[in-house]
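Structure file data.cif (mmCIF, C-alpha atoms) follows.
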data_run
loop_
_atom_site.label_atom_id
_atom_site.label_comp_id
_atom_site.auth_asym_id
_atom_site.auth_seq_id
_atom_site.Cartn_x
_atom_site.Cartn_y
_atom_site.Cartn_z
CA MET A 1 7.47 28.26 16.80
CA ARG A 2 8.85 24.77 16.96
CA ASN A 3 6.74 21.93 18.35
CA SER A 4 7.95 19.51 20.95
CA GLN A 5 8.47 15.96 19.86
CA PRO A 6 5.15 14.15 19.50
CA GLU A 7 3.85 12.45 22.61
CA THR A 8 5.88 14.58 25.00
CA PRO A 9 4.40 13.98 28.47
CA VAL A 10 2.32 16.77 29.97
CA THR A 11 4.57 18.53 32.46
CA SER A 12 2.56 21.57 33.51
CA MET A 13 -1.15 21.71 34.09
CA GLY A 14 -0.86 25.49 33.83
CA GLU A 15 -0.14 25.14 30.11
CA ARG A 16 -3.30 23.18 29.31
CA PRO A 17 -5.27 24.69 26.42
CA THR A 18 -8.37 26.65 27.23
CA ARG A 19 -11.77 25.23 26.33
CA ALA A 20 -11.86 27.35 23.18
CA GLU A 21 -8.37 26.26 22.21
CA ALA A 22 -9.26 22.63 22.79
CA GLY A 23 -12.35 23.07 20.59
CA ALA A 24 -10.24 24.62 17.86
CA LEU A 25 -7.75 21.78 18.13
CA THR A 26 -10.54 19.24 17.79
CA GLY A 27 -11.55 21.00 14.58
CA VAL A 28 -7.99 20.85 13.29
CA PHE A 29 -7.78 17.14 14.09
CA GLU A 30 -11.08 16.51 12.33
CA SER A 31 -10.07 18.50 9.24
CA LEU A 32 -6.79 16.60 8.94
CA ARG A 33 -8.33 13.18 9.47
CA PRO A 34 -8.74 12.38 5.73
CA ASP A 35 -5.05 13.20 5.15
CA LEU A 36 -4.00 11.07 8.09
CA LEU A 37 -6.17 8.19 6.96
CA ARG A 38 -4.76 8.28 3.43
CA PHE A 39 -1.22 8.45 4.83
CA ALA A 40 -1.85 5.53 7.20
CA HIS A 41 -3.49 3.55 4.44
CA TRP A 42 -0.45 3.86 2.20
CA LEU A 43 1.80 2.79 5.05
CA ALA A 44 -0.34 -0.07 6.34
CA ARG A 45 -1.84 -1.19 2.99
CA ASP A 46 -5.05 -2.06 4.78
CA ALA A 47 -7.98 0.34 5.15
CA ALA A 48 -9.29 -1.14 8.40
CA LEU A 49 -5.86 -1.19 9.99
CA ALA A 50 -5.27 2.38 8.80
CA GLU A 51 -8.41 3.46 10.60
CA ASP A 52 -7.25 1.81 13.80
CA ILE A 53 -3.87 3.50 13.50
CA VAL A 54 -5.39 6.93 12.93
CA GLN A 55 -7.82 6.49 15.79
CA GLU A 56 -5.06 5.51 18.20
CA SER A 57 -2.84 8.31 16.88
CA LEU A 58 -5.51 10.94 17.44
CA LEU A 59 -6.01 9.70 20.97
CA ARG A 60 -2.26 9.95 21.58
CA ALA A 61 -2.18 13.38 20.00
CA TRP A 62 -5.05 14.56 22.15
CA ARG A 63 -3.36 13.32 25.31
CA SER A 64 -0.16 15.20 24.45
CA ARG A 65 -1.83 18.21 22.84
CA GLU A 66 0.18 20.64 24.99
CA ALA A 67 3.23 19.59 22.95
CA LEU A 68 1.73 21.22 19.86
CA LYS A 69 3.04 24.77 20.21
CA ASP A 70 2.27 25.86 16.66
CA PRO A 71 -1.18 24.83 15.37
CA GLY A 72 0.06 25.57 11.86
CA ALA A 73 2.43 22.64 12.19
CA ALA A 74 -0.34 20.25 13.26
CA ARG A 75 -0.31 18.32 9.99
CA SER A 76 3.33 17.27 10.11
CA TRP A 77 3.06 16.70 13.87
CA LEU A 78 0.10 14.36 13.42
CA LEU A 79 1.66 12.61 10.42
CA THR A 80 4.68 11.87 12.58
CA ILE A 81 2.49 10.40 15.30
CA VAL A 82 0.68 8.26 12.70
CA ARG A 83 3.97 7.00 11.33
CA ARG A 84 5.19 6.05 14.79
CA GLU A 85 1.91 4.35 15.62
CA HIS A 86 2.18 2.36 12.40
CA ALA A 87 5.73 1.40 13.36
CA ARG A 88 4.45 0.16 16.72
CA VAL A 89 1.84 -1.99 15.04
CA TYR A 90 4.42 -3.28 12.61
CA GLU A 91 6.76 -4.19 15.45
CA ARG A 92 3.98 -5.94 17.35
CA LYS A 93 2.68 -7.87 14.35
CA ARG A 94 5.66 -9.10 12.43
CA LEU A 95 4.96 -11.02 9.24
CA GLU A 96 4.20 -14.57 10.26
CA LEU A 97 3.72 -16.07 6.79
CA VAL A 98 5.60 -16.46 3.60
CA PRO A 99 5.07 -12.98 2.15
CA LEU A 100 2.88 -13.34 -0.93
CA ASP A 101 3.65 -9.76 -1.88
CA GLU A 102 7.21 -10.73 -2.70
CA ILE A 103 5.90 -13.34 -5.08
CA VAL A 104 3.71 -10.70 -6.69
CA ASP A 105 6.74 -8.43 -7.07
CA THR A 106 8.69 -11.17 -8.77
CA HIS A 107 6.05 -12.16 -11.24
CA ALA A 108 4.11 -8.97 -11.94
CA GLY A 109 4.60 -7.62 -15.45
CA PRO A 110 4.31 -4.07 -16.79
CA ARG A 111 0.85 -2.69 -17.37
CA SER A 112 -0.73 -0.56 -20.03
CA ARG A 113 0.80 2.86 -20.79
CA ASP A 114 -2.27 5.07 -20.96
CA PRO A 115 -2.25 7.80 -18.25
CA ASP A 116 -5.07 6.29 -16.16
CA GLY A 117 -3.54 2.87 -16.61
CA ASP A 118 -0.24 4.24 -15.29
CA VAL A 119 -1.88 5.62 -12.17
CA PHE A 120 -3.77 2.37 -11.65
CA ALA A 121 -0.55 0.42 -12.08
CA LEU A 122 1.32 2.82 -9.81
CA ARG A 123 -1.22 2.43 -7.01
CA HIS A 124 -0.58 -1.30 -7.11
CA ALA A 125 3.15 -0.85 -7.53
CA ILE A 126 3.44 1.52 -4.57
CA MET A 127 1.40 -0.85 -2.42
CA LYS A 128 3.88 -3.60 -3.27
CA LEU A 129 7.00 -1.62 -2.45
CA PRO A 130 8.77 -2.94 0.65
CA LEU A 131 8.14 -0.71 3.65
CA GLU A 132 11.74 0.51 3.72
CA TYR A 133 11.14 2.14 0.32
CA ARG A 134 7.42 2.90 0.58
CA GLU A 135 7.72 4.75 3.86
CA PRO A 136 10.19 7.48 2.82
CA LEU A 137 8.38 7.89 -0.50
CA VAL A 138 5.02 8.42 1.17
CA LEU A 139 6.57 10.74 3.77
CA GLN A 140 8.09 12.81 0.98
CA VAL A 141 5.30 12.90 -1.60
CA LEU A 142 2.22 12.75 0.60
CA GLY A 143 3.60 14.17 3.83
CA GLY A 144 5.72 16.91 2.28
CA PHE A 145 8.69 16.05 4.51
CA SER A 146 12.18 17.09 3.44
CA THR A 147 15.01 14.60 3.12
CA GLU A 148 16.49 15.83 6.39
CA GLU A 149 13.15 15.50 8.20
CA ILE A 150 12.69 11.98 6.87
CA ALA A 151 16.22 11.11 7.94
CA ARG A 152 15.52 12.33 11.48
CA GLU A 153 12.23 10.49 11.65
CA LEU A 154 13.60 7.21 10.33
CA GLU A 155 16.90 7.60 12.16
CA LEU A 156 18.89 7.30 8.94
CA SER A 157 21.52 9.46 7.31
CA SER A 158 20.35 11.85 4.60
CA THR A 159 22.37 9.86 2.08
CA ALA A 160 20.59 6.66 3.07
CA VAL A 161 17.22 8.38 2.65
CA LEU A 162 18.20 9.66 -0.80
CA THR A 163 19.26 6.15 -1.77
CA ARG A 164 15.96 4.65 -0.62
CA LEU A 165 13.96 7.31 -2.43
CA PHE A 166 15.98 6.66 -5.57
CA ARG A 167 15.42 2.91 -5.29
CA ALA A 168 11.72 3.32 -4.60
CA ARG A 169 11.25 5.34 -7.79
CA ASN A 170 13.55 3.06 -9.72
CA LYS A 171 11.35 0.08 -8.79
CA LEU A 172 8.27 2.04 -9.83
CA ARG A 173 9.94 2.84 -13.16
CA VAL A 174 10.41 -0.84 -13.84
CA MET A 175 6.89 -1.72 -12.73
CA CYS A 176 5.62 0.90 -15.19
CA GLY A 177 7.60 -0.59 -18.06
CA LEU A 178 10.56 1.84 -18.08
CA ALA A 179 14.18 0.71 -18.03
CA ALA A 180 15.80 0.57 -14.60
CA ALA A 181 18.48 3.14 -13.91
CA PRO A 182 21.82 1.73 -12.67
CA ASP A 183 21.58 1.19 -8.92
CA VAL A 184 23.50 3.32 -6.46
CA ALA A 185 25.45 2.24 -3.41
CA GLU A 186 23.49 2.26 -0.15
CA GLY A 187 24.39 5.29 1.90
CA PRO A 188 25.45 4.86 5.51
CA ALA A 189 22.54 4.66 7.91
CA MET B 190 28.82 16.06 -10.83
CA ASN B 191 28.95 12.68 -12.59
CA CYS B 192 26.09 10.62 -14.02
CA ALA B 193 25.71 8.41 -10.92
CA ALA B 194 25.37 11.41 -8.63
CA ALA B 195 22.98 13.13 -11.03
CA ARG B 196 20.72 10.08 -11.27
CA LEU B 197 20.71 9.63 -7.51
CA ALA B 198 19.69 13.26 -7.06
CA ILE B 199 17.01 13.07 -9.75
CA GLY B 200 15.66 9.72 -8.59
CA ALA B 201 15.45 10.86 -4.98
CA GLU B 202 13.96 14.30 -5.66
CA PRO B 203 12.84 14.61 -9.29
CA ASN B 204 11.59 18.17 -8.93
CA ALA B 205 14.60 19.48 -7.01
CA THR B 206 17.53 21.12 -8.72
CA SER B 207 20.95 22.58 -8.03
CA PRO B 208 23.53 24.52 -10.08
CA ALA B 209 25.77 21.44 -10.27
CA LEU B 210 22.91 19.27 -11.52
CA GLU B 211 21.81 21.82 -14.14
CA GLU B 212 25.39 22.11 -15.35
CA HIS B 213 25.63 18.34 -15.72
CA LEU B 214 22.30 18.11 -17.56
CA LEU B 215 23.46 20.65 -20.13
CA GLU B 216 26.27 18.28 -21.05
CA CYS B 217 24.55 14.90 -20.62
CA GLY B 218 21.56 14.10 -22.80
CA ALA B 219 20.98 10.70 -21.14
CA CYS B 220 20.63 12.23 -17.68
CA ALA B 221 18.44 15.01 -19.08
CA ARG B 222 16.12 12.38 -20.59
CA PHE B 223 16.17 10.50 -17.29
CA ARG B 224 14.98 13.64 -15.50
CA THR B 225 12.21 14.20 -18.02
CA GLU B 226 11.01 10.61 -17.48
CA MET B 227 11.27 10.86 -13.71
CA ARG B 228 9.36 14.14 -13.58
CA ARG B 229 6.61 12.60 -15.70
CA LEU B 230 6.57 9.57 -13.41
CA GLU B 231 6.51 11.86 -10.39
CA THR B 232 3.31 13.49 -11.61
CA SER B 233 1.71 10.04 -11.83
CA ILE B 234 3.06 9.06 -8.39
CA GLY B 235 1.54 12.21 -6.94
CA ARG B 236 -1.81 11.39 -8.55
CA ALA B 237 -1.65 7.80 -7.37
CA LEU B 238 -0.89 8.75 -3.76
CA SER B 239 -3.44 11.55 -3.65
CA GLU B 240 -6.31 9.19 -4.38
CA ALA B 241 -8.52 8.57 -1.40
CA PRO B 242 -8.68 5.22 0.38
CA PRO B 243 -11.43 2.84 -0.76
CA ALA B 244 -15.00 4.06 -0.38
CA ALA B 245 -15.87 1.69 2.45
CA ALA B 246 -13.13 3.05 4.65
CA ARG B 247 -13.95 6.66 3.84
CA ALA B 248 -17.61 6.22 4.62
CA ARG B 249 -16.77 4.84 8.03
CA ALA B 250 -14.29 7.62 8.67
CA GLY B 251 -16.78 10.31 7.74
CA ALA B 252 -19.29 8.97 10.22
CA ARG B 253 -17.09 9.85 13.18
CA THR B 254 -16.90 13.16 15.01
CA TRP B 255 -14.32 14.13 17.59
CA THR B 256 -15.45 16.00 20.66
CA GLY B 257 -12.74 16.14 23.24
CA TRP B 258 -12.88 13.64 26.06
CA ALA B 259 -16.12 12.22 24.73
CA LEU B 260 -13.88 10.61 22.16
CA ALA B 261 -12.18 8.41 24.73
CA ALA B 262 -15.53 7.34 26.17
CA SER B 263 -16.88 6.52 22.71
CA VAL B 264 -13.84 4.42 21.93
CA LEU B 265 -14.26 2.45 25.16
CA LEU B 266 -17.95 1.96 24.41
CA ALA B 267 -17.19 0.82 20.89
CA LEU B 268 -14.56 -1.62 22.11
CA SER B 269 -16.97 -3.04 24.67
CA THR B 270 -19.66 -3.45 22.03
CA VAL B 271 -17.28 -5.11 19.60
CA LEU B 272 -16.06 -7.45 22.34
CA ALA B 273 -19.62 -8.33 23.29
CA LEU B 274 -20.57 -8.99 19.67
CA TRP B 275 -17.47 -11.02 19.18
CA LEU B 276 -18.21 -13.18 22.20
CA LEU B 277 -21.89 -13.63 21.41
CA HIS B 278 -21.70 -14.11 17.65
CA PRO B 279 -18.12 -14.94 16.72
CA THR B 280 -18.86 -16.33 13.26
CA ASP B 281 -21.22 -13.47 12.34
CA THR B 282 -18.55 -10.99 13.36
CA LEU B 283 -15.95 -12.89 11.37
CA ALA B 284 -18.20 -12.89 8.30
CA HIS B 285 -18.80 -9.16 8.65
CA GLU B 286 -15.11 -8.42 8.98
CA LEU B 287 -14.30 -10.61 5.99
CA THR B 288 -16.84 -8.72 3.92
CA ARG B 289 -15.42 -5.40 5.07
CA HIS B 290 -11.90 -6.52 4.27
CA VAL B 291 -12.78 -7.59 0.73
CA GLU B 292 -14.77 -4.38 0.19
CA ALA B 293 -11.70 -2.40 1.22
CA GLU B 294 -9.69 -3.96 -1.61
CA PRO B 295 -11.99 -3.44 -4.61
CA ASP B 296 -9.09 -3.57 -7.06
CA SER B 297 -8.54 -7.23 -6.17
CA TRP B 298 -11.52 -8.28 -8.30
CA ILE B 299 -10.22 -6.65 -11.46
CA SER B 300 -6.52 -7.25 -10.96
CA ARG B 301 -4.64 -9.09 -13.69
CA GLU B 302 -1.38 -10.11 -12.11
CA HIS B 303 0.72 -12.86 -13.58
CA LEU B 304 1.67 -15.12 -10.74
CA ASP B 305 3.35 -18.45 -10.54
CA ALA B 306 1.11 -21.21 -9.17
CA ARG B 307 4.00 -23.17 -7.72
CA SER B 308 5.21 -20.15 -5.72
CA ILE B 309 1.70 -19.51 -4.43
CA ASN B 310 1.28 -23.14 -3.43
CA ASP B 311 4.64 -23.10 -1.67
CA ALA B 312 3.41 -20.14 0.35
CA LEU B 313 0.05 -21.77 1.08
CA ARG B 314 1.67 -25.02 2.17
CA SER B 315 2.94 -23.25 5.27
CA GLU B 316 -0.71 -22.47 5.99
CA GLY B 317 -1.55 -26.15 5.82
CA LEU B 318 -3.45 -26.30 2.56
CA ALA B 319 -2.95 -26.93 -1.12
CA LEU B 320 -4.83 -25.62 -4.15
CA GLU B 321 -5.49 -27.24 -7.48
CA LEU B 322 -4.67 -24.33 -9.74
CA THR B 323 -2.65 -23.08 -12.66
CA SER B 324 -0.80 -19.78 -12.90
CA GLU B 325 -3.27 -18.13 -15.25
CA ARG B 326 -6.08 -18.62 -12.73
CA ILE B 327 -4.41 -16.48 -10.05
CA VAL B 328 -5.36 -12.84 -10.49
CA TYR B 329 -4.47 -11.42 -7.08
CA ALA B 330 -2.34 -12.49 -4.12
CA HIS B 331 -1.41 -10.50 -1.03
CA SER B 332 -0.59 -10.98 2.62
CA CYS B 333 -3.25 -8.94 4.40
CA PHE B 334 -3.43 -7.85 8.01
CA PHE B 335 -6.61 -9.35 9.41
CA ARG B 336 -7.59 -9.81 13.06
CA GLY B 337 -4.04 -9.47 14.29
CA HIS B 338 -2.37 -11.75 11.75
CA TYR B 339 -1.10 -11.57 8.22
CA VAL B 340 -3.23 -13.92 6.14
CA PRO B 341 -3.11 -14.99 2.48
CA HIS B 342 -5.75 -13.18 0.40
CA LEU B 343 -6.12 -14.63 -3.11
CA VAL B 344 -8.53 -14.00 -5.95
CA LEU B 345 -8.77 -16.95 -8.33
CA GLN B 346 -10.52 -17.19 -11.65
CA THR B 347 -13.05 -20.02 -11.99
CA ALA B 348 -15.29 -20.99 -14.90
CA ALA B 349 -18.10 -19.13 -13.12
CA GLY B 350 -16.09 -15.97 -12.43
CA PRO B 351 -13.60 -14.75 -9.81
CA ALA B 352 -13.71 -15.92 -6.22
CA THR B 353 -11.77 -14.70 -3.19
CA LEU B 354 -10.00 -17.14 -0.89
CA ILE B 355 -8.76 -15.97 2.51
CA VAL B 356 -6.89 -18.51 4.62
CA LEU B 357 -7.65 -18.12 8.33
CA LYS B 358 -5.17 -20.33 10.11
CA HIS B 359 -5.92 -18.62 13.43
CA GLU B 360 -9.72 -18.58 13.24
CA GLN B 361 -11.52 -21.57 14.76
CA VAL B 362 -15.17 -21.98 13.73
CA GLY B 363 -17.64 -24.55 15.01
CA GLY B 364 -18.88 -25.65 11.60
CA ARG B 365 -19.35 -24.68 8.00
CA ARG B 366 -21.21 -21.37 7.77
CA THR B 367 -22.57 -19.38 4.83
CA PHE B 368 -23.35 -15.68 4.86
CA ARG B 369 -24.58 -12.86 2.62
CA GLU B 370 -23.70 -9.22 3.11
CA ASP B 371 -23.44 -6.09 0.95
CA GLY B 372 -23.99 -7.96 -2.32
CA MET B 373 -21.42 -10.60 -1.47
CA GLN B 374 -21.92 -14.16 -0.38
CA GLY B 375 -19.42 -16.28 1.38
CA VAL B 376 -18.72 -19.49 3.17
CA ILE B 377 -16.40 -20.15 6.09
CA VAL B 378 -15.10 -23.70 6.13
CA PRO B 379 -13.41 -25.16 9.21
CA ALA B 380 -10.26 -27.22 8.89
CA PRO B 381 -10.31 -30.75 10.33
CA THR B 382 -7.52 -29.91 12.76
CA GLY B 383 -8.21 -26.23 13.49
CA GLY B 384 -8.20 -23.01 11.55
CA SER B 385 -10.48 -22.26 8.63
CA TYR B 386 -10.72 -20.61 5.24
CA ALA B 387 -13.29 -18.30 3.68
CA VAL B 388 -14.47 -18.05 0.09
CA LEU B 389 -16.32 -14.91 -1.03
CA THR B 390 -17.94 -14.08 -4.35
CA ARG B 391 -19.97 -11.17 -5.70
CA GLY B 392 -23.44 -11.36 -7.22
CA GLY B 393 -25.91 -14.16 -6.77
CA ASP B 394 -24.04 -16.96 -8.50
CA GLU B 395 -22.58 -19.41 -6.00
CA ARG B 396 -20.92 -21.68 -8.57
CA ALA B 397 -17.58 -19.82 -8.38
CA ALA B 398 -17.41 -20.38 -4.63
CA GLN B 399 -18.37 -24.03 -5.02
CA GLN B 400 -15.73 -24.57 -7.69
CA LEU B 401 -13.06 -22.95 -5.59
CA GLN B 402 -13.93 -25.10 -2.57
CA HIS B 403 -13.41 -28.20 -4.70
CA ASP B 404 -9.89 -26.97 -5.42
CA VAL B 405 -8.88 -26.54 -1.79
CA ARG B 406 -7.29 -29.44 0.03
CA TRP B 407 -6.07 -29.40 3.63
CA LEU B 408 -2.67 -30.88 4.34
CA PRO B 409 -3.01 -32.60 7.73
CA ALA B 410 0.63 -33.57 7.85
CA ALA B 411 1.73 -29.95 7.55
CA ARG B 412 -0.49 -28.65 10.34
#

Kindly return the structure encoded in the file as structure tokens.
Amino acid sequence: MRNSQPETPVTSMGERPTRAEAGALTGVFESLRPDLLRFAHWLARDAALAEDIVQESLLRAWRSREALKDPGAARSWLLTIVRREHARVYERKRLELVPLDEIVDTHAGPRSRDPDGDVFALRHAIMKLPLEYREPLVLQVLGGFSTEEIARELELSSTAVLTRLFRARNKLRVMCGLAAAPDVAEGPA
Amino acid sequence: MNCAAARLAIGAEPNATSPALEEHLLECGACARFRTEMRRLETSIGRALSEAPPAAARARAGARTWTGWALAASVLLALSTVLALWLLHPTDTLAHELTRHVEAEPDSWISREHLDARSINDALRSEGLALELTSERIVYAHSCFFRGHYVPHLVLQTAAGPATLIVLKHEQVGGRRTFREDGMQGVIVPAPTGGSYAVLTRGGDERAAQQLQHDVRWLPAAR
């Protein structure tokens, strides 16, 4: 069964979940909270802000819980709400300073090549990816979203999503000391 | 399928495949090697992303339980408490949040990034301050979201060890204030014309913080 779009307004009080269903939903929310927090953290790059985003997202999700028709799809439904909440925060709090992260990108060199060193370096490298590349990558790898789902969520064409995913990984290649692959043309948004 | 299309497909979805891609890879060793590299990288990306957020954030998250509408009430109560604390003890709250912020970025202390001092100083100039520093002293530099603003968060090497500098252009404090919390000590220093900066260090040695404060200079003309 397909879920309604997140945050659909409640239209019928007759469809409200029973007390037992609401209890079960609370359990689902609680069990998914670590996933949501990790997802928000990778998007926001700040643990405290990620917590705020997840908290607000869960409140929004609870208010529009009737929109969740299929409890099995709760994870992707909640991840979508978290992503939109992060986008709201991002829109409200535009960068006001010279972005130091861009300086870090420019001057950071490759790190050690041992496996743990690679993961350590990748954590930093992913954190430094611009949001336009980090967001589809996190949606794909951590959220399990398909290219088409990411395209719908980000309001891009599938080709544009593929291009951003390619560029995200290409940047990570370079940050890990591998040669960059030739760039591809940006797909139409 | 040509090489450009193959590399786009591999780079976007390293573990996906298609008959056209497999056919191309049989004929193109370079693209086949590219896929091998990207699949190896993908394993590392998966490991990197699957790691949990820093311990401080997880501990706080684990302390919460969600019980229906009680959740909304608890959030309101928490907001009221935070607001009250903020109004009654603004500097204490600021110190606590600074400590939490630094705790949430534990990698900053051990980072070894190679950054250009001139670029960093150019960025800081817009914040109204200058630093006496050389490139090799800068080990970490990010714009961090803190109290509703993006603020510069630097870790600088001093003769007495690393010290964190966070520039708080939007935080007004009444006077210089020191604090200790969770094994860290810090000082919040007001600017002559508004705003402030904080220096935090770990352990009991305050020399790193003192050295860093000597290196900071406000730029009144820029404020």

Between atom CA of B:Ile355 and atom CA of A:Ala168, what distance in Å does the model show, to one decimal?
29.0 Å

Point-to-point distance in Å for atom CA of A:Ala181 and atom CA of B:Leu215
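Computing the Euclidean distance for atom CA of B:Leu215 and atom CA of A:Ala181 yields 19.2 Å.
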
As a check of understanding, name the residues that the PyMOL selection byres ((chain B and resi 400) around 10) selects in the supplied structure, as an MDAnalysis selection string.
chainID B and resid 346:350 352 395:399 401:405

Which residues match the PyMOL selection byres ((chain A and resi 131) around 12) in the file above, as a VMD selection string?
chain A and resid 42 to 45 83 86 to 87 90 101 to 102 126 to 130 132 to 139 154 164 to 165 168

Best match for closeness to B:Cys220 among B:Arg196, B:Arg336, B:Arg236, B:His342, counting only C-alpha atoms:
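Closest residue, counting only C-alpha atoms: B:Arg196.
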
Residue with smallest distance to chain B - pool A:Leu79, A:Met175, A:Ile53, A:Leu37, counting only C-alpha atoms:
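Result for the nearest residue to chain B: A:Leu37.
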
The PyMOL selection byres ((chain B and resi 237) around 10) resolved against shown file, as JSON, numbers by chain:
{"A": [116, 118, 119, 120, 121, 122, 123, 124, 125, 126], "B": [231, 232, 233, 234, 235, 236, 238, 239, 240, 241]}

Applying 7 Å and all atoms listed in the file, which residues near stretch 319-325 of chain B remain after dropping the ones on its own chain fewer than 3 positions away? List them as an mmCIF file with C-alpha atoms, in the coordinates of the input.
data_model
loop_
_atom_site.group_PDB
_atom_site.id
_atom_site.type_symbol
_atom_site.label_atom_id
_atom_site.label_comp_id
_atom_site.auth_asym_id
_atom_site.auth_seq_id
_atom_site.Cartn_x
_atom_site.Cartn_y
_atom_site.Cartn_z
ATOM 1 C CA HIS B 303 0.720 -12.860 -13.580
ATOM 2 C CA LEU B 304 1.670 -15.120 -10.740
ATOM 3 C CA ASP B 305 3.350 -18.450 -10.540
ATOM 4 C CA ALA B 306 1.110 -21.210 -9.170
ATOM 5 C CA ASN B 310 1.280 -23.140 -3.430
ATOM 6 C CA LEU B 313 0.050 -21.770 1.080
ATOM 7 C CA ARG B 314 1.670 -25.020 2.170
ATOM 8 C CA ASP B 404 -9.890 -26.970 -5.420
ATOM 9 C CA VAL B 405 -8.880 -26.540 -1.790
ATOM 10 C CA ARG B 406 -7.290 -29.440 0.030
ATOM 11 C CA TRP B 407 -6.070 -29.400 3.630
ATOM 12 C CA LEU B 408 -2.670 -30.880 4.340
#

Closest to chain B among A:Val82, A:Ala48, A:Val54, A:Ala151, using only C-alpha atoms?
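Using only C-alpha atoms, the shortest distance to chain B belongs to A:Ala48.
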
As AutoDock Vina command-line options: centre and edge lengths in Å, one decimal, of the axis-aligned box holding stretch 282-294 of chain B with 8 Å per side:
--center_x -14.2 --center_y -7.6 --center_z 5.9 --size_x 25.1 --size_y 26.5 --size_z 31.0

In terms of the shortest atom-to-atom distance over all atoms listed in the file, which of B:Thr282, B:Thr225, B:Thr390, B:Asn191 is closest to B:Leu343?
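Ranking B:Thr282, B:Thr225, B:Thr390, B:Asn191 by distance to B:Leu343, first place goes to B:Thr390.
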
Please complete stretch 235-239 of chain B with all heavy atoms and give it back as a compact mmCIF listing (two decimals), keeping the file's coordinate frame.
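For reference, selection_38.txt as written:
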# COMPACT_ATOMS: atom_id res chain seq x y z
N GLY B 235 2.33 11.27 -7.73
CA GLY B 235 1.54 12.21 -6.94
C GLY B 235 0.04 11.95 -7.08
O GLY B 235 -0.70 11.96 -6.10
N ARG B 236 -0.38 11.68 -8.33
CA ARG B 236 -1.81 11.39 -8.55
C ARG B 236 -2.20 10.09 -7.86
O ARG B 236 -3.26 9.98 -7.26
CB ARG B 236 -2.09 11.28 -10.04
CG ARG B 236 -2.16 12.63 -10.75
CD ARG B 236 -2.41 12.45 -12.23
NE ARG B 236 -3.64 11.72 -12.50
CZ ARG B 236 -3.90 11.09 -13.64
NH1 ARG B 236 -3.01 11.08 -14.61
NH2 ARG B 236 -5.04 10.47 -13.81
N ALA B 237 -1.33 9.10 -7.96
CA ALA B 237 -1.65 7.80 -7.37
C ALA B 237 -1.79 7.92 -5.85
O ALA B 237 -2.73 7.39 -5.26
CB ALA B 237 -0.56 6.78 -7.72
N LEU B 238 -0.86 8.64 -5.22
CA LEU B 238 -0.89 8.75 -3.76
C LEU B 238 -1.99 9.68 -3.26
O LEU B 238 -2.43 9.57 -2.12
CB LEU B 238 0.47 9.25 -3.25
CG LEU B 238 1.60 8.23 -3.23
CD1 LEU B 238 2.91 8.89 -2.84
CD2 LEU B 238 1.29 7.09 -2.28
N SER B 239 -2.43 10.59 -4.12
CA SER B 239 -3.44 11.55 -3.65
C SER B 239 -4.85 10.96 -3.70
O SER B 239 -5.78 11.55 -3.18
CB SER B 239 -3.41 12.82 -4.49
OG SER B 239 -3.85 12.52 -5.80
